[in-house]
Every structure is written in C-alpha cells, then in structure tokens.
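Colleague: Compact mmCIF, C-alpha atoms and all ligand atoms, saved as protein.txt, coming up:
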# COMPACT_ATOMS: atom_id res chain seq x y z
CA MET A 317 -27.63 13.02 -38.49
CA ALA A 318 -28.61 13.27 -34.83
CA GLU A 319 -26.23 15.17 -32.60
CA ALA A 320 -24.20 12.86 -30.33
CA ALA A 321 -25.37 12.90 -26.71
CA SER A 322 -23.06 14.57 -24.22
CA ARG A 323 -20.73 11.99 -22.76
CA ASP A 324 -21.05 13.63 -19.32
CA VAL A 325 -24.69 12.56 -18.96
CA PRO A 326 -25.40 8.89 -18.05
CA GLU A 327 -28.00 7.05 -20.14
CA SER A 328 -30.15 6.36 -17.07
CA LYS A 329 -30.94 8.60 -14.11
CA ALA A 330 -30.58 5.65 -11.72
CA THR A 331 -26.97 6.46 -10.84
CA LEU A 332 -27.49 10.17 -10.18
CA ILE A 333 -26.77 11.32 -6.61
CA LYS A 334 -30.03 12.38 -4.96
CA ARG A 335 -29.17 12.81 -1.28
CA ILE A 336 -26.10 13.29 0.92
CA ASP A 337 -26.27 13.04 4.68
CA LEU A 338 -23.44 14.50 6.77
CA ARG A 339 -23.17 13.97 10.51
CA LEU A 340 -20.52 15.48 12.74
CA PHE A 341 -20.25 13.29 15.82
CA SER A 342 -18.07 13.19 18.90
CA TYR A 343 -16.94 10.28 21.04
CA PRO A 344 -14.91 9.95 24.24
CA MET A 345 -11.28 8.83 24.13
CA THR A 346 -10.33 7.22 27.42
CA GLY A 347 -6.67 6.93 28.41
CA VAL A 348 -5.77 10.19 26.66
CA GLY A 349 -4.97 13.46 28.44
CA PRO A 350 -4.79 17.07 27.17
CA GLY A 351 -2.40 17.49 24.24
CA GLY A 352 -2.75 13.84 23.25
CA ILE A 353 -0.66 12.54 26.14
CA ASP A 354 -0.96 8.84 26.98
CA MET A 355 -2.61 9.09 30.40
CA PRO A 356 -4.29 6.27 32.33
CA GLY A 357 -7.74 7.27 33.64
CA ALA A 358 -7.97 10.51 31.61
CA THR A 359 -10.73 11.15 29.08
CA GLY A 360 -10.53 13.29 25.96
CA SER A 361 -12.81 13.48 22.95
CA ARG A 362 -12.55 13.39 19.20
CA ALA A 363 -14.95 14.37 16.40
CA ARG A 364 -15.38 12.76 12.99
CA ILE A 365 -17.73 13.10 10.03
CA ALA A 366 -20.06 10.31 8.89
CA VAL A 367 -21.20 10.53 5.26
CA ARG A 368 -23.98 8.64 3.53
CA ILE A 369 -24.57 9.16 -0.21
CA GLU A 370 -27.68 7.80 -1.94
CA THR A 371 -28.47 7.57 -5.66
CA VAL A 372 -31.86 7.78 -7.39
CA ASP A 373 -32.21 3.99 -7.46
CA GLY A 374 -31.53 3.67 -3.71
CA ALA A 375 -27.89 2.50 -3.75
CA VAL A 376 -25.86 3.78 -0.80
CA GLY A 377 -22.20 4.51 -0.16
CA ALA A 378 -20.81 5.54 3.21
CA TYR A 379 -17.65 6.64 4.98
CA VAL A 380 -16.56 7.82 8.42
CA GLY A 381 -13.50 10.02 8.70
CA GLY A 382 -12.35 13.62 8.23
CA GLN A 383 -11.90 16.40 10.73
CA ALA A 384 -14.38 18.40 12.81
CA ASN A 385 -13.44 21.72 11.21
CA SER A 386 -14.14 20.34 7.73
CA LEU A 387 -17.92 19.94 7.99
CA ALA A 388 -18.70 23.19 6.18
CA GLN A 389 -16.32 22.25 3.35
CA ALA A 390 -17.81 18.75 3.16
CA ALA A 391 -21.28 20.32 2.78
CA THR A 392 -19.95 22.49 -0.07
CA CYS A 393 -18.52 19.37 -1.73
CA ALA A 394 -21.84 17.57 -1.26
CA LYS A 395 -23.63 20.40 -3.08
CA ALA A 396 -21.03 20.16 -5.87
CA VAL A 397 -21.79 16.48 -6.53
CA LEU A 398 -25.57 16.47 -5.92
CA GLY A 399 -27.39 15.46 -9.12
CA THR A 400 -24.23 14.19 -10.83
CA ASP A 401 -23.44 10.61 -11.85
CA CYS A 402 -22.09 8.71 -8.83
CA PHE A 403 -19.36 7.10 -10.95
CA ALA A 404 -18.00 10.46 -12.16
CA ARG A 405 -15.40 10.78 -9.41
CA GLU A 406 -12.81 12.52 -11.60
CA LYS A 407 -15.36 15.15 -12.56
CA ALA A 408 -16.29 15.56 -8.89
CA TYR A 409 -12.58 15.95 -8.02
CA GLU A 410 -12.23 18.63 -10.69
CA ASN A 411 -15.37 20.52 -9.60
CA ILE A 412 -14.45 20.39 -5.91
CA ARG A 413 -10.86 21.47 -6.57
CA ARG A 414 -12.13 24.61 -8.27
CA GLN A 415 -14.96 25.34 -5.81
CA LEU A 416 -12.61 25.10 -2.82
CA ARG A 417 -9.66 26.77 -4.54
CA LYS A 418 -9.36 29.38 -1.78
CA GLU A 419 -9.39 26.73 0.96
CA ASP A 420 -7.40 23.65 1.98
CA ARG A 421 -9.98 21.17 0.58
CA MET A 422 -9.96 19.12 3.80
CA GLY A 423 -13.71 18.48 3.40
CA ALA A 424 -13.35 16.73 0.04
CA GLY A 425 -11.92 13.44 1.29
CA VAL A 426 -15.00 12.11 3.08
CA ILE A 427 -17.19 12.70 0.01
CA ASP A 428 -14.74 11.02 -2.37
CA CYS A 429 -14.27 8.00 -0.07
CA ALA A 430 -18.05 7.54 0.19
CA LEU A 431 -18.28 7.73 -3.63
CA TRP A 432 -15.69 4.93 -3.93
CA ASP A 433 -17.67 2.86 -1.41
CA LEU A 434 -20.82 3.49 -3.46
CA ALA A 435 -19.09 2.41 -6.68
CA GLY A 436 -17.88 -0.79 -5.04
CA GLN A 437 -21.30 -1.50 -3.54
CA ARG A 438 -22.94 -1.12 -6.94
CA LEU A 439 -20.36 -3.21 -8.81
CA GLY A 440 -19.93 -5.93 -6.18
CA ALA A 441 -16.18 -5.28 -5.96
CA SER A 442 -13.97 -4.00 -3.16
CA VAL A 443 -12.29 -0.61 -3.53
CA ALA A 444 -8.92 -2.44 -3.56
CA GLN A 445 -10.16 -4.48 -6.52
CA LEU A 446 -11.40 -1.37 -8.33
CA LEU A 447 -7.94 0.15 -7.83
CA GLY A 448 -6.22 -2.97 -9.13
CA GLY A 449 -4.86 -3.92 -5.72
CA SER A 450 -3.89 -7.44 -4.70
CA LYS A 451 -2.47 -7.11 -1.17
CA ARG A 452 -4.69 -8.82 1.38
CA SER A 453 -3.00 -7.26 4.40
CA VAL A 454 -0.80 -4.28 5.21
CA LYS A 455 2.28 -4.10 7.47
CA ALA A 456 1.65 -1.77 10.37
CA TYR A 457 3.69 0.49 12.61
CA ALA A 458 2.61 1.28 16.15
CA SER A 459 2.44 5.10 16.23
CA THR A 460 2.35 6.43 19.80
CA TRP A 461 0.53 9.13 21.70
CA PHE A 462 2.68 11.98 23.03
CA GLY A 463 4.90 11.76 26.09
CA GLY A 464 4.14 13.59 29.32
CA ASP A 465 4.60 13.54 33.08
CA GLY A 466 2.37 11.09 34.90
CA GLY A 467 1.43 9.27 31.70
CA GLY A 468 2.28 5.91 30.25
CA LEU A 469 5.03 7.47 28.12
CA ALA A 470 6.75 9.64 30.73
CA THR A 471 10.38 8.61 30.17
CA PRO A 472 12.65 7.42 27.35
CA GLU A 473 12.65 3.99 29.03
CA ALA A 474 8.83 3.89 28.92
CA TYR A 475 8.93 4.36 25.14
CA ALA A 476 11.42 1.52 24.78
CA ASP A 477 9.38 -0.71 27.12
CA PHE A 478 6.28 -0.03 25.04
CA ALA A 479 8.19 -0.74 21.81
CA GLU A 480 9.22 -4.12 23.27
CA GLU A 481 5.57 -4.77 24.11
CA CYS A 482 4.56 -3.92 20.52
CA TYR A 483 7.32 -6.16 19.17
CA ALA A 484 5.97 -9.07 21.22
CA MET A 485 2.51 -8.47 19.68
CA GLY A 486 3.93 -8.74 16.16
CA TYR A 487 4.73 -5.14 15.19
CA ARG A 488 8.00 -4.72 13.35
CA ALA A 489 7.87 -0.93 13.12
CA PHE A 490 7.38 1.76 15.78
CA LYS A 491 6.98 5.54 15.66
CA MET A 492 7.35 7.79 18.66
CA HIS A 493 5.53 11.10 18.98
CA GLY A 494 7.69 12.84 21.56
CA TRP A 495 7.00 15.33 24.33
CA SER A 496 5.70 18.28 22.28
CA ASP A 497 6.74 20.72 25.04
CA GLY A 498 9.38 22.31 22.82
CA GLY A 499 12.29 20.59 24.59
CA ILE A 500 14.55 18.07 22.88
CA ASP A 501 16.51 16.29 25.64
CA LYS A 502 13.87 13.65 26.43
CA ASP A 503 13.20 13.09 22.73
CA ILE A 504 16.91 12.52 22.11
CA GLY A 505 16.97 10.17 25.10
CA ALA A 506 14.04 8.17 23.76
CA VAL A 507 15.50 8.00 20.24
CA LEU A 508 18.78 6.60 21.57
CA GLU A 509 17.06 4.22 24.01
CA LEU A 510 14.80 2.86 21.23
CA GLY A 511 17.83 2.34 19.00
CA LYS A 512 19.57 0.45 21.78
CA ARG A 513 16.61 -1.72 22.78
CA VAL A 514 14.80 -2.54 19.50
CA GLY A 515 17.03 -1.12 16.74
CA GLY A 516 17.71 -3.76 14.08
CA ARG A 517 14.50 -5.57 15.08
CA MET A 518 12.01 -2.77 14.33
CA ALA A 519 11.93 0.06 11.80
CA LEU A 520 11.95 3.20 13.99
CA MET A 521 10.50 6.62 13.24
CA HIS A 522 10.32 9.93 15.10
CA ASP A 523 7.54 12.52 14.68
CA SER A 524 7.66 15.67 16.78
CA ALA A 525 4.50 16.92 15.04
CA CYS A 526 6.28 20.26 14.47
CA SER A 527 7.01 20.87 18.16
CA PHE A 528 10.73 21.68 18.11
CA THR A 529 11.24 25.42 18.17
CA THR A 530 14.31 25.88 16.01
CA PHE A 531 16.14 24.41 13.03
CA ALA A 532 19.08 23.80 15.39
CA ASP A 533 16.91 21.65 17.68
CA ALA A 534 15.54 19.74 14.69
CA LEU A 535 19.13 19.10 13.59
CA ALA A 536 20.16 17.86 17.04
CA VAL A 537 17.33 15.30 17.20
CA GLY A 538 18.01 14.36 13.57
CA ARG A 539 21.61 13.54 14.49
CA ALA A 540 20.32 11.28 17.30
CA CYS A 541 18.08 9.56 14.70
CA ASP A 542 21.22 9.01 12.60
CA GLU A 543 23.03 7.47 15.56
CA ALA A 544 20.09 5.17 16.33
CA GLY A 545 19.56 4.15 12.67
CA PHE A 546 16.02 5.55 12.33
CA PHE A 547 13.89 4.71 9.29
CA TRP A 548 12.47 8.24 8.98
CA TYR A 549 12.30 11.60 10.76
CA GLU A 550 8.94 13.36 10.40
CA ASP A 551 7.74 16.99 10.65
CA PRO A 552 10.49 17.96 13.09
CA TYR A 553 10.08 21.66 13.75
CA SER A 554 7.75 24.58 13.91
CA ASP A 555 7.90 25.66 10.30
CA GLY A 556 4.61 23.74 10.22
CA GLY A 557 6.14 20.96 8.15
CA LEU A 558 6.03 23.27 5.13
CA SER A 559 9.48 24.64 4.38
CA ALA A 560 11.09 22.96 1.38
CA HIS A 561 14.23 25.05 1.83
CA GLY A 562 14.67 24.27 5.54
CA HIS A 563 14.18 20.56 5.03
CA ARG A 564 16.46 20.42 2.02
CA ARG A 565 19.17 21.91 4.26
CA LEU A 566 18.30 19.41 7.01
CA ARG A 567 18.55 16.55 4.50
CA GLU A 568 22.04 17.74 3.60
CA LEU A 569 23.11 17.64 7.25
CA ILE A 570 21.65 14.31 8.46
CA LYS A 571 21.48 10.79 7.05
CA THR A 572 17.99 9.79 8.26
CA PRO A 573 15.35 10.18 5.52
CA ILE A 574 12.88 13.03 6.11
CA LEU A 575 9.13 12.55 5.87
CA LEU A 576 7.21 15.77 5.27
CA GLY A 577 3.80 16.42 3.77
CA GLU A 578 1.17 15.71 6.43
CA HIS A 579 0.40 19.45 6.44
CA VAL A 580 0.77 19.97 2.70
CA ARG A 581 -2.59 19.56 0.99
CA GLY A 582 -3.18 17.81 -2.29
CA LEU A 583 -1.38 16.62 -5.40
CA GLU A 584 0.07 19.87 -6.75
CA SER A 585 1.39 21.14 -3.40
CA MET A 586 2.90 17.75 -2.53
CA ALA A 587 4.54 17.61 -5.97
CA THR A 588 5.96 21.11 -5.54
CA LEU A 589 7.42 20.28 -2.10
CA THR A 590 8.91 17.01 -3.34
CA LEU A 591 10.43 18.50 -6.49
CA ALA A 592 11.98 21.24 -4.34
CA ASP A 593 13.80 18.42 -2.47
CA GLY A 594 11.88 19.07 0.76
CA THR A 595 11.25 15.42 1.58
CA ASP A 596 12.50 11.86 1.01
CA PHE A 597 9.20 10.06 1.64
CA VAL A 598 6.01 11.44 0.07
CA ARG A 599 2.94 11.77 2.35
CA ALA A 600 -0.75 11.30 1.54
CA ASP A 601 -4.00 10.77 3.46
CA PRO A 602 -7.41 9.98 1.92
CA ASP A 603 -9.07 12.19 4.58
CA PHE A 604 -6.76 15.16 3.98
CA ASP A 605 -5.83 14.95 0.29
CA MET A 606 -9.14 14.80 -1.60
CA GLY A 607 -9.95 11.20 -0.89
CA ILE A 608 -8.91 7.93 -2.45
CA THR A 609 -8.84 9.70 -5.82
CA GLY A 610 -6.39 12.33 -4.56
CA THR A 611 -4.29 9.81 -2.63
CA MET A 612 -3.81 7.57 -5.65
CA LYS A 613 -2.77 10.57 -7.76
CA ILE A 614 -0.09 11.39 -5.15
CA ALA A 615 0.99 7.72 -4.99
CA HIS A 616 1.44 7.63 -8.76
CA PHE A 617 3.33 10.92 -8.69
CA ALA A 618 5.72 9.39 -6.13
CA GLU A 619 6.00 6.24 -8.26
CA ALA A 620 7.00 8.32 -11.27
CA LEU A 621 9.84 9.85 -9.24
CA GLY A 622 10.95 6.48 -7.86
CA LEU A 623 9.91 7.46 -4.32
CA ASP A 624 7.71 5.81 -1.70
CA VAL A 625 4.45 7.29 -0.43
CA GLU A 626 3.52 6.71 3.21
CA LEU A 627 -0.13 7.12 4.16
CA HIS A 628 -0.97 9.12 7.27
CA ALA A 629 -3.26 7.61 9.96
CA PRO A 630 -5.38 4.44 9.84
CA GLY A 631 -8.75 3.67 8.26
CA PRO A 632 -10.51 1.42 5.75
CA ALA A 633 -9.82 3.78 2.83
CA HIS A 634 -6.13 3.82 3.75
CA ARG A 635 -5.94 0.02 3.71
CA HIS A 636 -7.64 -0.24 0.30
CA CYS A 637 -5.29 2.36 -1.18
CA MET A 638 -2.23 0.58 0.25
CA ALA A 639 -3.47 -2.69 -1.27
CA ALA A 640 -3.00 -1.07 -4.68
CA ILE A 641 0.21 0.91 -4.09
CA ARG A 642 3.53 -0.87 -4.71
CA ASN A 643 5.74 1.98 -3.50
CA THR A 644 4.68 2.12 0.15
CA ASN A 645 6.03 0.61 3.36
CA PHE A 646 3.86 0.85 6.47
CA TYR A 647 0.27 1.35 7.68
CA GLU A 648 0.09 3.93 10.49
CA LEU A 649 -1.68 2.39 13.47
CA SER A 650 -2.14 5.60 15.43
CA MET A 651 -2.47 6.73 18.21
CA VAL A 652 -1.43 4.01 20.65
CA GLY A 653 0.16 3.69 24.06
CA PRO A 654 0.44 1.62 27.21
CA SER A 655 -2.84 3.12 28.54
CA ARG A 656 -4.74 1.78 25.50
CA GLY A 657 -6.39 5.10 24.61
CA ASN A 658 -9.04 4.58 21.91
CA PHE A 659 -8.26 6.95 19.04
CA ASN A 660 -10.65 5.42 16.54
CA ALA A 661 -14.41 5.94 16.45
CA PRO A 662 -16.49 3.05 17.82
CA VAL A 663 -18.76 2.86 14.77
CA TYR A 664 -18.23 -0.52 13.11
CA THR A 665 -20.70 -3.42 13.25
CA CYS A 666 -18.25 -5.73 11.47
CA SER A 667 -14.88 -7.06 12.64
CA TYR A 668 -12.98 -3.98 11.38
CA SER A 669 -10.64 -2.58 14.04
CA ASP A 670 -7.69 -0.23 14.33
CA ALA A 671 -7.04 -1.15 17.97
CA LEU A 672 -3.45 -1.78 19.02
CA ASP A 673 -4.15 -5.29 20.30
CA ASP A 674 -5.99 -6.41 17.16
CA VAL A 675 -2.80 -6.67 15.10
CA SER A 676 -2.18 -10.07 13.50
CA PRO A 677 0.76 -12.04 14.91
CA ASP A 678 2.71 -11.17 11.74
CA GLY A 679 2.34 -7.43 12.40
CA THR A 680 -0.30 -6.80 9.74
CA PHE A 681 -3.91 -5.65 9.47
CA PRO A 682 -6.26 -7.12 6.83
CA VAL A 683 -7.58 -5.22 3.82
CA PRO A 684 -11.37 -5.53 4.28
CA GLU A 685 -13.08 -7.86 1.82
CA GLY A 686 -16.57 -7.43 0.37
CA PRO A 687 -18.04 -4.67 -1.78
CA GLY A 688 -16.85 -1.09 -1.46
CA LEU A 689 -14.79 -0.34 1.62
CA GLY A 690 -15.92 -3.67 3.09
CA VAL A 691 -17.11 -2.26 6.42
CA SER A 692 -20.52 -1.66 8.00
CA TYR A 693 -21.51 1.10 10.41
CA ASP A 694 -23.73 1.38 13.49
CA TRP A 695 -25.88 4.29 12.33
CA ASP A 696 -27.92 4.32 15.55
CA ALA A 697 -24.74 4.84 17.58
CA ILE A 698 -23.57 7.54 15.14
CA ALA A 699 -26.96 9.28 15.45
CA GLU A 700 -26.69 9.25 19.25
CA MET A 701 -23.21 10.82 19.11
CA THR A 702 -24.19 13.40 16.46
CA THR A 703 -23.64 17.07 17.27
CA GLN A 704 -24.43 18.55 13.82
CA HIS A 705 -26.49 17.06 11.01
CA VAL A 706 -26.66 18.41 7.44
CA THR A 707 -28.69 16.92 4.60
CA ILE A 708 -28.12 17.99 1.00
CA GLN A 709 -30.90 16.92 -1.40
MG MG B 801 2.73 12.95 11.73
Using the file provided, produce a representation of the structure as structure tokens.
Modeller:
Amino acid sequence: MAEAASRDVPESKATLIKRIDLRLFSYPMTGVGPGGIDMPGATGSRARIAVRIETVDGAVGAYVGGQANSLAQAATCAKAVLGTDCFAREKAYENIRRQLRKEDRMGAGVIDCALWDLAGQRLGASVAQLLGGSKRSVKAYASTWFGGDGGGLATPEAYADFAEECYAMGYRAFKMHGWSDGGIDKDIGAVLELGKRVGGRMALMHDSACSFTTFADALAVGRACDEAGFFWYEDPYSDGGLSAHGHRRLRELIKTPILLGEHVRGLESMATLTLADGTDFVRADPDFDMGITGTMKIAHFAEALGLDVELHAPGPAHRHCMAAIRNTNFYELSMVGPSRGNFNAPVYTCSYSDALDDVSPDGTFPVPEGPGLGVSYDWDAIAEMTTQHVTIQ
C-alpha cells in the first residue's frame, strides 16, 4: 500500500508563496506637532509597511500597516513563509512564533494580514466572511491626539468642545489622550469637564499612554474617571502598561474599568496579564499581535472568560475582525483632533477612509465588502513614498 502523502503539502504548487515585497514608506502628517500634539499648521511624519504576497499562479494579497521598527522582523517572517502554502496561516503563525521567540513579533502582523487578504482574493470572499462575521459596520470612538499649549487641545474646555463636535457628527464614544507631560491637573480637569458636558450621551475613555509618573497620580486621575462615569481608563502610568500587580491594586481602588494590553504582545502574554487580574478589558491589534490570526485567538480567549476585547487603532483588518467578534464594543478612530491631522496613510484608491469626518451619521464605519480585505492600494504613490524596499523570493 502506498504511503499516504504528507498533509502539509498541497496537491498543486499553484498556491505556494513565491514572492513577498516589503516597502517601508513615510508620509507627512499635517496638523500634528512633536509628541503627537494636535497643532494647526504643524507637520509631522509617520512610517508604515506595505506588503504584497504573490503565489506561483499569480494571485496576490496585500496589506498596509505595522510599525517602522518592524521591517527587519517582517522580512524574517517573509522568509519563514516563502515556499509554503498560502492557506497555511496556522502553520505560518507557529513557525513565526518560534523564529521570533526572542523578540516581540511586531513584524508578524503585516504578513498574516496580507495572507488573509490573499485567501479572500482567491476564494472570492471577504475576510469578515471567512471569519464568520456578519456585522456590516462598526461603532466608532473618536480617539484624540495629545493635548499641548498652542494646539487645538490646549485646555480641558477644548477637549469638551471637540467632544461636542464629534457628537454632532454622529460619534457616541470619545477617548482623550491627555497632556503626556507627566502632570495630572489638566487631565483631571478634562475628565471632569467631559463628564459634565457629554457624560450620559457619549461613552468616555481616558488614555494617558503611560505618561503619569506614579501609581498615586494614576489613582488620582482614576478617581476623577469614577466621578465622571468613564467607560474605561487605559494605560495610566509609567509601568509601561505591563504591571499586573499594580493594575490589580488600582482596580481594587477605583470603579472605572481598566484597559491594559496595548504594550503586551500576543496571545500567551495577554492571557497571563488577564488571568493575573491586571485588566478588565482585553486588548488586541492585528498589527501588533501576530495579525488577524493572533487577534482572533485573543478575542476567543476573552470570550472564554466572559470578557470583551477592544481592538487598538483603526484599519481594514481591524474592521473585518470586529465584524466577527461578538464580545467587543468600539472601533478606535485614532488619532483625531480639531486641527484634522491625518494619522492614516493616503494609500487607498477605493472609498476606504479612517478620517474623522467620514463617519456615518449613526457613528459607524463600514466593514469593507468585496474579496479579501476589500480595499485597493495606490502602489505608485506607495513606491514614491518608499524609503526601504525588500524583496524575498
Ligand atoms: Mg492606547
């Protein structure tokens, strides 16, 4: 009797990955000053990675996302999947997890997201459909730039004014990133002012992005969040958003739910933090947590515990994941402010947008339809903005 063929090898070579193109590119962000402060007339810049994966039979999957520092890791991940079956995403996840075991695996997400796009392109189904999702839109929160002198968010009143503006556009949730100068007085002022002006009409969140210096300061702002009825309190102080013990103590002392995990990478670490009672809401990001594959594993872990998972940052992959996650609340429309700084890369040739003003009147953004991630890219524009180009073949 003939020996059974290995189940890891596809019957045809058509679906094997033959080439992966990685481009690091940079684009200007107008209306944003140093430190991510909302600042009319200022110009900053941001880098992202564009990935294009091609199989032997010429099918293509693509994704734009990730972080500038992750290009070398993304190239390592590309080498790990070259020559493998494009549908074998779990095997790719396993290989990459081992290969990058000494690192944070931040380069894995862009490769996995492009593989999901490729699968959807080949099968004529959207990623949301492949995941079993049925939501056609996701409820968004306006997530602000940081506060600072001379900017559009210079005072507690400016935050509340901007929240009112967002409410009028349709948003029913609002997150403030505060001053990030280590002080807490203006943050407390803004928390209380937001509670007074839009509390009860909008779900409110605070994210200091780990800027408060001490546990005592984190506690003081947390108590203001309690007073103002905040929906969550995120990464408050300079433990890096990592200390399960510190946040368990904080959770014992305040009523507002804590959201931690933006700086905790991947399924096992997020599970460890959550089971140590370090957070109320679970965090995941397809760019940071090994892609759509990793994000859905974290979402299902949270589901098993009866908790909600909140995805960090906006993007097509995030919307498709949310379409298939029951236990989630809001889509993060970051970073936004009165000066209309453009956080998101200008790379789409379709109607896809994560701009503040493109919210639907009901406060939602659509889950893209069409095969894969349901978006198309301007590769000429990406080529013009490219600062580093790596091809693995
Ligand atoms: Mg955050």
Colleague: Go through A:Ala525, A:Ile427, A:Met651, A:Ala592 one by one, measure the shortest atom-to-atom distance of each to ligand MG 801 (chain B) using all atoms listed in the file, and give the residue with the smallest value.
Modeller: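 Of A:Ala525, A:Ile427, A:Met651, A:Ala592, the one nearest ligand MG 801 (chain B), counting all atoms listed in the file, is A:Ala525.
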Colleague: In terms of the shortest atom-to-atom distance over all atoms listed in the file, which of A:Gly449, A:Pro684, A:Gly423, A:Gly499 is closest to Thr529 of chain A?
Modeller: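 Among the listed residues, the smallest separation from Thr529 of chain A belongs to A:Gly499.
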Colleague: Give me, as an mmCIF file with C-alpha atoms, in the coordinates of the input, all polymer residues having an atom no more than 9 Å from Pro632 of chain A, counting all atoms listed in the file and skipping those fewer than 5 positions away in the same chain.
Modeller:
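Saved to around_26.cif:
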data_model
loop_
_atom_site.group_PDB
_atom_site.id
_atom_site.type_symbol
_atom_site.label_atom_id
_atom_site.label_comp_id
_atom_site.auth_asym_id
_atom_site.auth_seq_id
_atom_site.Cartn_x
_atom_site.Cartn_y
_atom_site.Cartn_z
ATOM 1 C CA TYR A 379 -17.650 6.640 4.980
ATOM 2 C CA CYS A 637 -5.290 2.360 -1.180
ATOM 3 C CA TYR A 668 -12.980 -3.980 11.380
ATOM 4 C CA VAL A 683 -7.580 -5.220 3.820
ATOM 5 C CA PRO A 684 -11.370 -5.530 4.280
ATOM 6 C CA LEU A 689 -14.790 -0.340 1.620
ATOM 7 C CA GLY A 690 -15.920 -3.670 3.090
ATOM 8 C CA VAL A 691 -17.110 -2.260 6.420
#
Colleague: Check which residues fall inside 12 Å of ligand MG 801 (chain B) when counting only C-alpha atoms and all ligand atoms, and print them as an MDAnalysis selection string.
Modeller: chainID A and resid 459:462 491:494 521:527 548:553 556:557 574:580 599:601 626:630 648:651
Colleague: Skipping near chain neighbours, those fewer than 4 positions away, what residues fall within 12 Å of Leu469 of chain A using all atoms listed in the file, listed as a VMD selection string?
Modeller: chain A and resid 347 to 349 352 to 356 460 to 465 473 to 479 492 to 495 502 to 503 506 652 to 656
Colleague: When you count only C-alpha atoms, which of these residues is closest to Pro677 of chain A: A:Ala484, A:Ala489, A:Ile570, A:Ala532?
Modeller: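 Of all the options, A:Ala484 lies closest to Pro677 of chain A.
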Colleague: Between A:Ile708, A:Leu434, A:Ala671, A:Val514, which is the closest to Cys393 of chain A once you count all atoms listed in the file?
Modeller: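 Once distances to Cys393 of chain A are computed over all atoms listed in the file, the minimum belongs to A:Ile708.
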Colleague: Any idea what's packed within 8 Å of Leu431 of chain A, counting only C-alpha atoms, ignoring anything in its chain fewer than 2 positions away? Could you give it as a list in words?
Modeller: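 With the cut-off at 8 Å, the set is Ile369, Gly377, Ala378, Cys402, Phe403, Arg405, Ile427, Asp428, Cys429, Asp433, Leu434 and Ala435 of chain A.
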Colleague: Give me, as a PyMOL selection string, all polymer residues having an atom no more than 9 Å from Gly631 of chain A, counting only C-alpha atoms and skipping those fewer than 6 positions away in the same chain.
Modeller: chain A and resi 380-381+649+660+669-670
Colleague: Let me make sure I understand: among A:Leu446, A:Ala536, A:Ala396, A:Ala544, which one has the smallest atom-to-atom distance to Ala519 of chain A if we use all atoms listed in the file?
Modeller: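 Of all the options, A:Ala544 lies closest to Ala519 of chain A.
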Colleague: I want to know what sits within 8 Å of Tyr409 of chain A, based on all atoms listed in the file, with residues of the same chain fewer than 5 positions away left out; could you give that as a PyMOL selection string?
Modeller: chain A and resi 428+606+609-610
Colleague: Rounded to one decimal place, report the atom CA of Ser676 of chain A-atom CA of Asn645 of chain A distance in Å.
Modeller: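 It comes out at 16.9 Å.
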Colleague: So, counting only C-alpha atoms, which residue among A:Phe617, A:Phe681, A:Phe659, A:Tyr693 is closest to Tyr487 of chain A?
Modeller: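 Residue with the minimum atom-to-atom distance to Tyr487 of chain A: A:Phe681.
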Colleague: Please compute the atom CA of Ala366 of chain A-atom CA of Arg339 of chain A distance, one decimal, in Å.
Modeller: 5.1 Å
Colleague: For atom CA of Val376 of chain A and atom CA of Arg335 of chain A, determine how far apart the two atoms are, in Å to one decimal place.
Modeller: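 Straight-line distance from atom CA of Val376 of chain A to atom CA of Arg335 of chain A works out to 9.6 Å.
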Colleague: Could segment 606-617 of chain A be completed with N, CA and C atoms and returned as a PDB file, in the frame of the given file?
Modeller:
ATOM      1  N   MET A 606      -8.088  14.990  -0.595  1.00  0.00           N
ATOM      2  CA  MET A 606      -9.140  14.800  -1.600  1.00  0.00           C
ATOM      3  C   MET A 606      -9.420  13.329  -1.882  1.00  0.00           C
ATOM      4  N   GLY A 607      -9.411  12.544  -0.812  1.00  0.00           N
ATOM      5  CA  GLY A 607      -9.950  11.200  -0.890  1.00  0.00           C
ATOM      6  C   GLY A 607      -9.022  10.152  -1.463  1.00  0.00           C
ATOM      7  N   ILE A 608      -9.640   9.034  -1.818  1.00  0.00           N
ATOM      8  CA  ILE A 608      -8.910   7.930  -2.450  1.00  0.00           C
ATOM      9  C   ILE A 608      -8.410   8.396  -3.814  1.00  0.00           C
ATOM     10  N   THR A 609      -9.233   9.171  -4.507  1.00  0.00           N
ATOM     11  CA  THR A 609      -8.840   9.700  -5.820  1.00  0.00           C
ATOM     12  C   THR A 609      -7.571  10.534  -5.694  1.00  0.00           C
ATOM     13  N   GLY A 610      -7.558  11.468  -4.739  1.00  0.00           N
ATOM     14  CA  GLY A 610      -6.390  12.330  -4.560  1.00  0.00           C
ATOM     15  C   GLY A 610      -5.175  11.562  -4.074  1.00  0.00           C
ATOM     16  N   THR A 611      -5.398  10.601  -3.178  1.00  0.00           N
ATOM     17  CA  THR A 611      -4.290   9.810  -2.630  1.00  0.00           C
ATOM     18  C   THR A 611      -3.614   8.992  -3.720  1.00  0.00           C
ATOM     19  N   MET A 612      -4.411   8.386  -4.591  1.00  0.00           N
ATOM     20  CA  MET A 612      -3.810   7.570  -5.650  1.00  0.00           C
ATOM     21  C   MET A 612      -3.048   8.432  -6.667  1.00  0.00           C
ATOM     22  N   LYS A 613      -3.522   9.665  -6.872  1.00  0.00           N
ATOM     23  CA  LYS A 613      -2.770  10.570  -7.760  1.00  0.00           C
ATOM     24  C   LYS A 613      -1.393  10.862  -7.142  1.00  0.00           C
ATOM     25  N   ILE A 614      -1.368  11.106  -5.828  1.00  0.00           N
ATOM     26  CA  ILE A 614      -0.090  11.390  -5.150  1.00  0.00           C
ATOM     27  C   ILE A 614       0.802  10.146  -5.183  1.00  0.00           C
ATOM     28  N   ALA A 615       0.205   8.971  -4.969  1.00  0.00           N
ATOM     29  CA  ALA A 615       0.990   7.720  -4.990  1.00  0.00           C
ATOM     30  C   ALA A 615       1.637   7.517  -6.356  1.00  0.00           C
ATOM     31  N   HIS A 616       0.893   7.818  -7.412  1.00  0.00           N
ATOM     32  CA  HIS A 616       1.440   7.630  -8.760  1.00  0.00           C
ATOM     33  C   HIS A 616       2.476   8.700  -9.099  1.00  0.00           C
ATOM     34  N   PHE A 617       2.289   9.885  -8.546  1.00  0.00           N
ATOM     35  CA  PHE A 617       3.330  10.920  -8.690  1.00  0.00           C
ATOM     36  C   PHE A 617       4.633  10.434  -8.044  1.00  0.00           C
TER      37      PHE A 617
END
